[in-house]
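S.K.: Just one file: input-v5.tsv, with TSV, C-alpha atoms and all ligand atoms.
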```tsv
chain	number	residue	atom	x	y	z
A	1	MET	CA	-20.89	-13.82	-26.03
A	2	ASN	CA	-23.93	-15.18	-24.13
A	3	PRO	CA	-26.72	-12.74	-23.10
A	4	LEU	CA	-25.70	-12.78	-19.39
A	5	GLY	CA	-22.08	-11.92	-20.26
A	6	LYS	CA	-23.31	-9.15	-22.57
A	7	ALA	CA	-25.58	-7.71	-19.84
A	8	ILE	CA	-22.73	-7.76	-17.27
A	9	LEU	CA	-20.36	-6.03	-19.71
A	10	GLN	CA	-23.00	-3.43	-20.54
A	11	PHE	CA	-23.57	-2.76	-16.82
A	12	CYS	CA	-19.81	-2.41	-16.23
A	13	ARG	CA	-19.63	0.19	-19.01
A	14	SER	CA	-22.59	2.19	-17.69
A	15	THR	CA	-21.96	5.20	-15.43
A	16	ILE	CA	-23.39	3.49	-12.34
A	17	GLY	CA	-21.48	0.29	-13.17
A	18	ARG	CA	-18.16	2.17	-13.44
A	19	LYS	CA	-18.88	4.06	-10.19
A	20	LEU	CA	-19.55	0.75	-8.48
A	21	ILE	CA	-16.26	-0.62	-9.84
A	22	VAL	CA	-14.36	2.43	-8.47
A	23	ALA	CA	-16.04	2.00	-5.07
A	24	LEU	CA	-15.59	-1.78	-4.76
A	25	THR	CA	-11.98	-1.83	-5.98
A	26	GLY	CA	-11.33	1.16	-3.67
A	27	VAL	CA	-12.65	-0.83	-0.69
A	28	LEU	CA	-10.43	-3.77	-1.65
A	29	LEU	CA	-7.34	-1.54	-1.96
A	30	VAL	CA	-8.04	0.15	1.40
A	31	LEU	CA	-8.39	-3.31	3.02
A	32	PHE	CA	-5.05	-4.28	1.47
A	33	LEU	CA	-3.44	-1.11	2.89
A	34	LEU	CA	-4.86	-1.77	6.38
A	35	GLY	CA	-3.47	-5.32	6.25
A	36	HIS	CA	-0.13	-4.11	4.86
A	37	VAL	CA	0.34	-1.43	7.51
A	38	ALA	CA	-0.52	-3.92	10.29
A	39	GLY	CA	2.09	-6.34	8.91
A	40	ASN	CA	4.70	-3.58	8.50
A	41	LEU	CA	4.29	-2.47	12.12
A	42	LEU	CA	5.73	-5.85	13.17
A	43	VAL	CA	9.09	-4.22	12.45
A	44	PHE	CA	8.75	-2.62	15.91
A	45	GLN	CA	8.48	-6.12	17.42
A	46	GLY	CA	11.83	-7.08	15.97
A	47	ARG	CA	13.57	-9.10	13.30
A	48	GLU	CA	11.99	-12.47	14.05
A	49	ALA	CA	8.39	-11.20	14.06
A	50	MET	CA	8.88	-9.24	10.81
A	51	ASN	CA	10.72	-12.01	8.97
A	52	ASP	CA	8.32	-14.74	10.16
A	53	TYR	CA	5.47	-12.64	8.78
A	54	ALA	CA	7.21	-12.06	5.41
A	55	GLN	CA	8.01	-15.77	5.21
A	56	PHE	CA	4.38	-16.65	5.94
A	57	LEU	CA	3.22	-14.37	3.08
A	58	HIS	CA	5.62	-16.02	0.65
A	59	THR	CA	4.84	-19.62	1.65
A	60	MET	CA	1.07	-19.52	2.29
A	61	LEU	CA	-0.94	-21.86	0.01
A	62	HIS	CA	2.35	-23.50	-1.06
A	63	GLY	CA	3.69	-20.19	-2.39
A	64	GLN	CA	0.62	-19.55	-4.54
A	65	GLY	CA	-1.09	-17.22	-2.03
A	66	VAL	CA	1.23	-14.31	-2.76
A	67	TRP	CA	0.59	-14.70	-6.51
A	68	ILE	CA	-3.18	-14.82	-6.02
A	69	ALA	CA	-2.90	-11.59	-3.98
A	70	ARG	CA	-0.64	-9.96	-6.60
A	71	ILE	CA	-2.97	-10.82	-9.50
A	72	GLY	CA	-6.02	-9.71	-7.48
A	73	LEU	CA	-4.35	-6.40	-6.62
A	74	LEU	CA	-3.24	-5.83	-10.20
A	75	ILE	CA	-6.79	-6.40	-11.49
A	76	ALA	CA	-8.22	-4.13	-8.76
A	77	VAL	CA	-5.73	-1.31	-9.53
A	78	GLY	CA	-6.30	-1.68	-13.31
A	79	LEU	CA	-10.09	-1.56	-12.99
A	80	HIS	CA	-9.92	1.32	-10.46
A	81	ILE	CA	-7.82	3.42	-12.86
A	82	TRP	CA	-9.83	2.53	-16.00
A	83	ALA	CA	-13.20	3.29	-14.38
A	84	THR	CA	-11.98	6.53	-12.74
A	85	VAL	CA	-10.32	7.91	-15.86
A	86	SER	CA	-13.31	7.13	-18.07
A	87	LEU	CA	-15.74	8.71	-15.55
A	88	VAL	CA	-13.61	11.86	-15.31
A	89	LYS	CA	-13.50	12.07	-19.12
A	90	ASP	CA	-17.29	11.73	-19.35
A	91	ASN	CA	-17.76	14.36	-16.61
A	92	ARG	CA	-15.50	16.85	-18.34
A	93	ALA	CA	-17.22	16.36	-21.66
A	94	ALA	CA	-20.63	16.88	-20.02
A	95	ARG	CA	-19.44	19.99	-18.11
A	96	THR	CA	-17.95	21.81	-21.07
A	97	GLU	CA	-21.12	21.15	-23.03
A	98	ARG	CA	-23.62	22.26	-20.39
A	99	TYR	CA	-22.34	24.91	-18.01
A	100	ALA	CA	-19.42	26.98	-16.81
A	101	LEU	CA	-20.31	27.90	-13.22
A	102	PRO	CA	-17.63	28.41	-10.52
A	103	ALA	CA	-19.04	25.45	-8.55
A	104	THR	CA	-18.23	23.06	-11.36
A	105	VAL	CA	-14.73	24.49	-11.63
A	106	GLN	CA	-14.33	23.62	-7.94
A	107	ALA	CA	-15.59	20.07	-8.50
A	108	SER	CA	-13.28	19.43	-11.42
A	109	LYS	CA	-10.35	20.85	-9.40
A	110	SER	CA	-10.81	18.20	-6.72
A	111	SER	CA	-11.07	15.43	-9.30
A	112	ARG	CA	-7.92	16.80	-10.97
A	113	ILE	CA	-6.11	16.55	-7.63
A	114	MET	CA	-7.39	12.99	-7.30
A	115	ILE	CA	-5.95	12.14	-10.73
A	116	TRP	CA	-2.53	13.64	-9.87
A	117	SER	CA	-2.36	12.03	-6.43
A	118	GLY	CA	-3.50	8.77	-8.07
A	119	LEU	CA	-0.72	8.96	-10.68
A	120	THR	CA	1.89	9.72	-7.98
A	121	ILE	CA	0.67	6.69	-6.00
A	122	LEU	CA	1.05	4.57	-9.14
A	123	ALA	CA	4.63	5.82	-9.65
A	124	PHE	CA	5.32	5.16	-5.94
A	125	VAL	CA	4.00	1.58	-6.14
A	126	VAL	CA	6.25	0.86	-9.16
A	127	PHE	CA	9.26	2.30	-7.25
A	128	HIS	CA	8.26	0.43	-4.07
A	129	ILE	CA	8.05	-2.94	-5.87
A	130	LEU	CA	11.48	-2.36	-7.50
A	131	HIS	CA	12.83	-1.30	-4.08
A	132	PHE	CA	11.53	-4.00	-1.72
A	133	THR	CA	10.23	-6.85	-3.91
A	134	VAL	CA	12.55	-6.93	-6.96
A	135	ARG	CA	15.33	-5.37	-4.81
A	136	ILE	CA	17.21	-3.65	-7.63
A	137	ASP	CA	19.60	-2.10	-5.07
A	138	PRO	CA	22.26	-4.81	-4.49
A	139	ALA	CA	22.73	-3.52	-0.90
A	140	LEU	CA	19.15	-4.61	-0.14
A	141	ALA	CA	19.14	-7.78	-2.25
A	142	ASN	CA	21.72	-9.86	-0.44
A	143	LEU	CA	20.65	-9.87	3.20
A	144	PRO	CA	20.31	-13.41	4.55
A	145	ASP	CA	18.63	-13.79	7.97
A	146	ALA	CA	21.63	-15.21	9.89
A	147	ALA	CA	19.67	-16.04	13.06
A	148	TYR	CA	17.15	-18.06	11.06
A	149	ALA	CA	19.84	-19.94	9.11
A	150	ALA	CA	21.60	-20.83	12.37
A	151	ALA	CA	18.40	-22.13	13.95
A	152	HIS	CA	17.30	-23.99	10.79
A	153	PRO	CA	20.36	-25.68	9.26
A	154	GLY	CA	20.13	-26.01	5.50
A	155	GLU	CA	17.43	-23.35	5.22
A	156	SER	CA	17.67	-19.65	4.45
A	157	ARG	CA	15.41	-16.62	4.17
A	158	HIS	CA	15.72	-12.97	3.27
A	159	ASP	CA	16.15	-10.52	6.15
A	160	VAL	CA	13.18	-8.25	5.37
A	161	TYR	CA	13.67	-6.47	8.74
A	162	ALA	CA	17.24	-5.42	7.86
A	163	MET	CA	16.16	-4.51	4.31
A	164	VAL	CA	13.42	-2.14	5.49
A	165	ILE	CA	15.73	-0.41	7.99
A	166	LYS	CA	18.62	-0.14	5.50
A	167	GLY	CA	16.20	1.10	2.82
A	168	PHE	CA	14.94	3.96	4.98
A	169	GLN	CA	18.43	4.95	6.13
A	170	ASN	CA	18.69	6.69	2.75
A	171	PRO	CA	17.07	10.10	3.48
A	172	LEU	CA	16.06	10.63	-0.18
A	173	VAL	CA	14.23	7.31	-0.25
A	174	SER	CA	12.49	8.13	3.03
A	175	LEU	CA	11.54	11.57	1.72
A	176	PHE	CA	9.98	10.03	-1.37
A	177	TYR	CA	7.97	7.62	0.82
A	178	ILE	CA	6.84	10.50	3.03
A	179	VAL	CA	5.63	12.61	0.07
A	180	ALA	CA	3.98	9.68	-1.74
A	181	ILE	CA	2.25	8.30	1.37
A	182	THR	CA	1.03	11.80	2.29
A	183	LEU	CA	-0.52	12.09	-1.19
A	184	LEU	CA	-1.92	8.57	-0.85
A	185	CYS	CA	-3.63	9.54	2.41
A	186	SER	CA	-5.02	12.77	0.92
A	187	HIS	CA	-6.37	10.66	-1.98
A	188	LEU	CA	-7.94	8.23	0.51
A	189	SER	CA	-9.53	10.88	2.72
A	190	HIS	CA	-11.43	12.18	-0.33
A	191	GLY	CA	-11.98	8.72	-1.88
A	192	ILE	CA	-13.38	7.00	1.21
A	193	ALA	CA	-15.93	9.77	1.78
A	194	SER	CA	-17.01	9.65	-1.91
A	195	LEU	CA	-17.35	5.88	-1.73
A	196	PHE	CA	-20.40	6.12	0.55
A	197	GLN	CA	-22.06	8.48	-1.88
A	198	THR	CA	-21.37	6.14	-4.80
A	199	LEU	CA	-22.84	3.20	-2.90
A	200	GLY	CA	-25.90	5.30	-2.11
A	201	TRP	CA	-25.22	5.30	1.64
A	202	ARG	CA	-25.06	9.06	2.07
A	203	SER	CA	-27.75	10.97	3.86
A	204	ARG	CA	-27.65	14.51	5.22
A	205	LYS	CA	-27.14	13.04	8.71
A	206	SER	CA	-24.41	10.57	7.77
A	207	ALA	CA	-22.36	12.85	5.45
A	208	ALA	CA	-20.28	14.43	8.23
A	209	LEU	CA	-19.65	11.06	9.88
A	210	GLU	CA	-18.54	9.52	6.56
A	211	LYS	CA	-16.15	12.41	5.98
A	212	GLN	CA	-14.69	11.89	9.47
A	213	LEU	CA	-14.32	8.15	8.83
A	214	GLY	CA	-12.44	8.92	5.60
A	215	TRP	CA	-10.08	11.20	7.51
A	216	ALA	CA	-9.71	8.74	10.41
A	217	ILE	CA	-8.67	5.84	8.13
A	218	ALA	CA	-6.35	8.09	6.10
A	219	ILE	CA	-4.65	9.50	9.22
A	220	ALA	CA	-4.30	6.05	10.83
A	221	LEU	CA	-2.63	4.75	7.64
A	222	TRP	CA	-0.42	7.85	7.40
A	223	ILE	CA	0.81	7.47	10.99
A	224	GLY	CA	1.20	3.69	10.65
A	225	PHE	CA	3.19	3.74	7.41
A	226	LEU	CA	5.29	6.81	8.16
A	227	SER	CA	6.15	5.78	11.71
A	228	ILE	CA	8.67	3.37	10.13
A	229	PRO	CA	10.83	5.77	8.05
A	230	ALA	CA	10.44	8.32	10.89
A	231	ALA	CA	11.76	5.80	13.46
A	232	VAL	CA	14.67	4.84	11.19
A	233	LEU	CA	15.63	8.45	10.36
A	234	THR	CA	15.55	9.48	14.03
A	235	GLY	CA	17.62	6.43	15.03
A	236	ALA	CA	14.84	4.95	17.19
A	237	LEU	CA	14.79	1.87	14.94
A	238	LYS	CA	18.20	0.34	14.23
A	239	ASP	CA	19.35	-2.87	12.60
A	240	LYS	CA	20.72	-4.40	15.83
A	241	PRO	CA	22.07	-7.96	15.68
A	242	SER	CA	19.43	-10.31	17.12
A	243	VAL	CA	20.09	-12.17	20.40
A	244	SER	CA	19.67	-15.54	18.66
A	245	GLY	CA	22.07	-14.31	15.95
A	246	GLN	CA	24.72	-13.64	18.63
A	247	LYS	CA	24.18	-17.05	20.19
A	248	ALA	CA	24.38	-18.69	16.77
A	249	ALA	CA	27.71	-16.97	16.11
A	250	ILE	CA	29.41	-18.59	19.13
A	251	PRO	CA	30.23	-22.12	17.82
A	252	SER	CA	31.67	-20.93	14.48
A	253	ASP	CA	33.45	-17.87	15.91
A	254	PRO	CA	35.37	-18.58	19.11
A	255	ALA	CA	36.47	-14.94	19.23
A	256	ALA	CA	32.89	-13.69	19.40
A	257	PRO	CA	31.94	-12.22	22.80
A	258	ALA	CA	29.73	-14.44	24.94
A	259	PRO	CA	26.13	-13.20	25.13
A	260	ARG	CA	25.32	-11.25	28.30
A	261	GLN	CA	23.04	-12.98	30.77
A	262	GLY	CA	19.78	-11.44	32.07
B	1	LIG	C1	6.56	2.58	5.25
B	1	LIG	C2	5.80	2.09	4.32
B	1	LIG	C3	5.93	0.72	3.71
B	1	LIG	C4	6.79	-0.30	4.02
B	1	LIG	C5	7.86	-0.37	5.10
B	1	LIG	C6	6.48	-1.38	3.13
B	1	LIG	C7	7.12	-2.61	3.10
B	1	LIG	C8	6.96	-3.57	2.14
B	1	LIG	C9	7.76	-4.74	2.01
B	1	LIG	C10	8.93	-5.09	2.91
B	1	LIG	C11	7.30	-5.44	0.94
B	1	LIG	C12	7.90	-6.72	0.37
B	1	LIG	C13	7.54	-7.92	1.16
B	1	LIG	C14	8.29	-9.10	0.63
B	1	LIG	O1	8.30	-9.32	-0.58
B	1	LIG	O2	8.86	-9.80	1.44
B	1	LIG	C15	6.18	-4.71	0.40
B	1	LIG	C16	5.41	-5.11	-0.66
B	1	LIG	C17	4.39	-4.39	-1.18
B	1	LIG	N1	3.96	-3.15	-0.79
B	1	LIG	FE1	4.67	-2.09	0.75
B	1	LIG	N2	5.44	-1.01	2.30
B	1	LIG	C18	5.10	0.28	2.63
B	1	LIG	C19	4.11	1.05	2.03
B	1	LIG	C20	3.32	0.63	0.99
B	1	LIG	C21	2.26	1.42	0.40
B	1	LIG	C22	1.86	2.81	0.86
B	1	LIG	C23	1.73	0.68	-0.61
B	1	LIG	C24	0.64	1.01	-1.57
B	1	LIG	C25	0.28	2.19	-1.95
B	1	LIG	C26	2.45	-0.58	-0.66
B	1	LIG	C27	2.22	-1.59	-1.55
B	1	LIG	C28	2.92	-2.77	-1.61
B	1	LIG	C29	2.65	-3.82	-2.56
B	1	LIG	C30	1.57	-3.80	-3.65
B	1	LIG	C31	3.56	-4.85	-2.29
B	1	LIG	C32	3.61	-6.21	-2.94
B	1	LIG	C33	4.63	-6.33	-4.00
B	1	LIG	C34	4.68	-7.78	-4.41
B	1	LIG	O3	5.14	-8.61	-3.64
B	1	LIG	O4	4.28	-8.05	-5.53
B	1	LIG	N3	3.40	-0.57	0.34
B	1	LIG	N4	6.00	-3.57	1.15
```
Starting from the coordinates I provided, produce the structure as structure tokens.
M.R.:
Amino acid sequence: MNPLGKAILQFCRSTIGRKLIVALTGVLLVLFLLGHVAGNLLVFQGREAMNDYAQFLHTMLHGQGVWIARIGLLIAVGLHIWATVSLVKDNRAARTERYALPATVQASKSSRIMIWSGLTILAFVVFHILHFTVRIDPALANLPDAAYAAAHPGESRHDVYAMVIKGFQNPLVSLFYIVAITLLCSHLSHGIASLFQTLGWRSRKSAALEKQLGWAIAIALWIGFLSIPAAVLTGALKDKPSVSGQKAAIPSDPAAPAPRQG
């Protein structure tokens, strides 16, 4: 390996290098979540808005965009976990060697909670990908967007809008999302505030503000993500047939009721 590569690798293995990796990958993952929640909220605008958005994600950069994002996310998650786990290990080793004060017990408790919430988030992401991306549940896998097919003869696309609503109609699935996303937001509220410290941006004056920002982002994400299963479970969000879907049904189904005017 050339000297520059060696120096970079050495920096990445150092304590400050690993802390920087946790912070930078954390920022990237929070930006992903903010983008993801904004996209998901299109479900409240209706089938067309949600499915257009999902189609855009799958077709951008000739279909390669989604793969670039997936590989980038995978690398970010992998580095985030590796750097965090190795820092926690180092911390524990240093603590047991040097002191056993109550304050350190408190500190290691919060990092232990971070590890457990982190592992639950990981399990959730695996479930979530099987649920909505791989679609292992046949009831969610075969949902063609009828309105789109009628408007674009010869083309088809998955009805992501119907899939999300059907998915959350299962109360156990919704409950799992609620628990996992609550843990995710608790993880973020702590993580975002620590990030400023890692990047050396914490002063006595800014500490309270940074803590509040951590909470504000975590709460905004919590409300944004959980508004969807909450709306489905309460019946506020239903998989209604789209107006264009009804219109499209007329030529092939003479018995179908004519769409209401106005
Ligand atoms: C109510 C909450 C959520 C909803 C409704 C939702 C919805 C979706 C949908 C519909 C997809 C698939 C898009 C498609 O392939 O067409 C997706 C993908 C994804 N979601 Fe979520 N999501 C939610 C929460 C989350 C959370 C909290 C995380 C992360 C912790 C997350 C991470 C991902 C990832 C990584 C993918 C990409 C999988 C891939 O295509 O490789 N989602 N989500």
S.K.: Between atom C29 of ligand LIG 1 (chain B) and atom CA of His128 of chain A, what distance in Å does the model show, to one decimal?
M.R.: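 Interatomic distance here is 7.2 Å.
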S.K.: Could you list the protein, DNA and RNA residues that have any atom within 8 Å of ligand LIG 1 (chain B), counting only C-alpha atoms and all ligand atoms, and write them as a ChimeraX atom specification?
M.R.: /A:33,36-37,40,54-55,57-58,66-67,70,73,121-122,124-125,128-129,132-133,158,160-161,163-164,177,180-181,184,224-229
S.K.: Can you pull out every residue within 10 Å of Val43 of chain A, counting only C-alpha atoms, but drop anything in the same chain fewer than 3 positions away, and send it as a PyMOL selection string?
M.R.: chain A and resi 38-40+46-51+53+160-162+164-165+228+237
S.K.: Which value, in Å to one decimal, gives the distance between atom CA of Ile219 of chain A and atom CA of Cys185 of chain A?
M.R.: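 Going from atom CA of Ile219 of chain A over to atom CA of Cys185 of chain A covers 6.9 Å.
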S.K.: Could you check how far atom CA of Leu28 of chain A sits from atom CA of His62 of chain A, in Å to one decimal?
M.R.: 23.5 Å
S.K.: Considering all atoms listed in the file, can you say which of A:Phe44, A:Val77, A:Leu213, A:Trp116 comes closest to Asp239 of chain A?
M.R.: A:Phe44
S.K.: Which is closer to Ile113 of chain A than all the others in A:Leu31, A:Phe56, A:Val88, A:Val134, using all atoms listed in the file?
M.R.: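 Using all atoms listed in the file, Ile113 of chain A sits closest to A:Val88.
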S.K.: Quick one: residues within 12 Å of segment 205-210 of chain A, all atoms listed in the file counted, chain neighbours fewer than 2 positions away excluded, as a ChimeraX atom specification?
M.R.: /A:189-197,200-203,212-217
S.K.: Take the residues from that selection and put them in a file with C-alpha atoms, as a PDB file, in the frame of the given file.
M.R.:
```
ATOM      1  CA  SER A 189      -9.530  10.880   2.720  1.00  0.00           C
ATOM      2  CA  HIS A 190     -11.430  12.180  -0.330  1.00  0.00           C
ATOM      3  CA  GLY A 191     -11.980   8.720  -1.880  1.00  0.00           C
ATOM      4  CA  ILE A 192     -13.380   7.000   1.210  1.00  0.00           C
ATOM      5  CA  ALA A 193     -15.930   9.770   1.780  1.00  0.00           C
ATOM      6  CA  SER A 194     -17.010   9.650  -1.910  1.00  0.00           C
ATOM      7  CA  LEU A 195     -17.350   5.880  -1.730  1.00  0.00           C
ATOM      8  CA  PHE A 196     -20.400   6.120   0.550  1.00  0.00           C
ATOM      9  CA  GLN A 197     -22.060   8.480  -1.880  1.00  0.00           C
ATOM     10  CA  GLY A 200     -25.900   5.300  -2.110  1.00  0.00           C
ATOM     11  CA  TRP A 201     -25.220   5.300   1.640  1.00  0.00           C
ATOM     12  CA  ARG A 202     -25.060   9.060   2.070  1.00  0.00           C
ATOM     13  CA  SER A 203     -27.750  10.970   3.860  1.00  0.00           C
ATOM     14  CA  GLN A 212     -14.690  11.890   9.470  1.00  0.00           C
ATOM     15  CA  LEU A 213     -14.320   8.150   8.830  1.00  0.00           C
ATOM     16  CA  GLY A 214     -12.440   8.920   5.600  1.00  0.00           C
ATOM     17  CA  TRP A 215     -10.080  11.200   7.510  1.00  0.00           C
ATOM     18  CA  ALA A 216      -9.710   8.740  10.410  1.00  0.00           C
ATOM     19  CA  ILE A 217      -8.670   5.840   8.130  1.00  0.00           C
TER      20      ILE A 217
END
```
S.K.: Considering only C-alpha atoms, return as JSON, numbers by chain whatever protein or nucleic-acid residues lie within 12 Å of Ile8 of chain A, sequence-local ones (same chain, fewer than 6 positions apart) excluded.
M.R.: {"A": [1, 2, 14, 17, 18]}
S.K.: So, with all atoms listed in the file as the atoms that count, which of A:Arg157, A:Val27, A:Ala69, A:Leu74 lies closest to Val126 of chain A?
M.R.: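 Closest to Val126 of chain A of all the choices is A:Leu74.
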S.K.: With distances taken over only C-alpha atoms, which residue among A:Val179, A:Ala123, A:Ile68, A:Ile115 lies nearest Trp82 of chain A?
M.R.: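 Of all the options, A:Ile115 lies closest to Trp82 of chain A.
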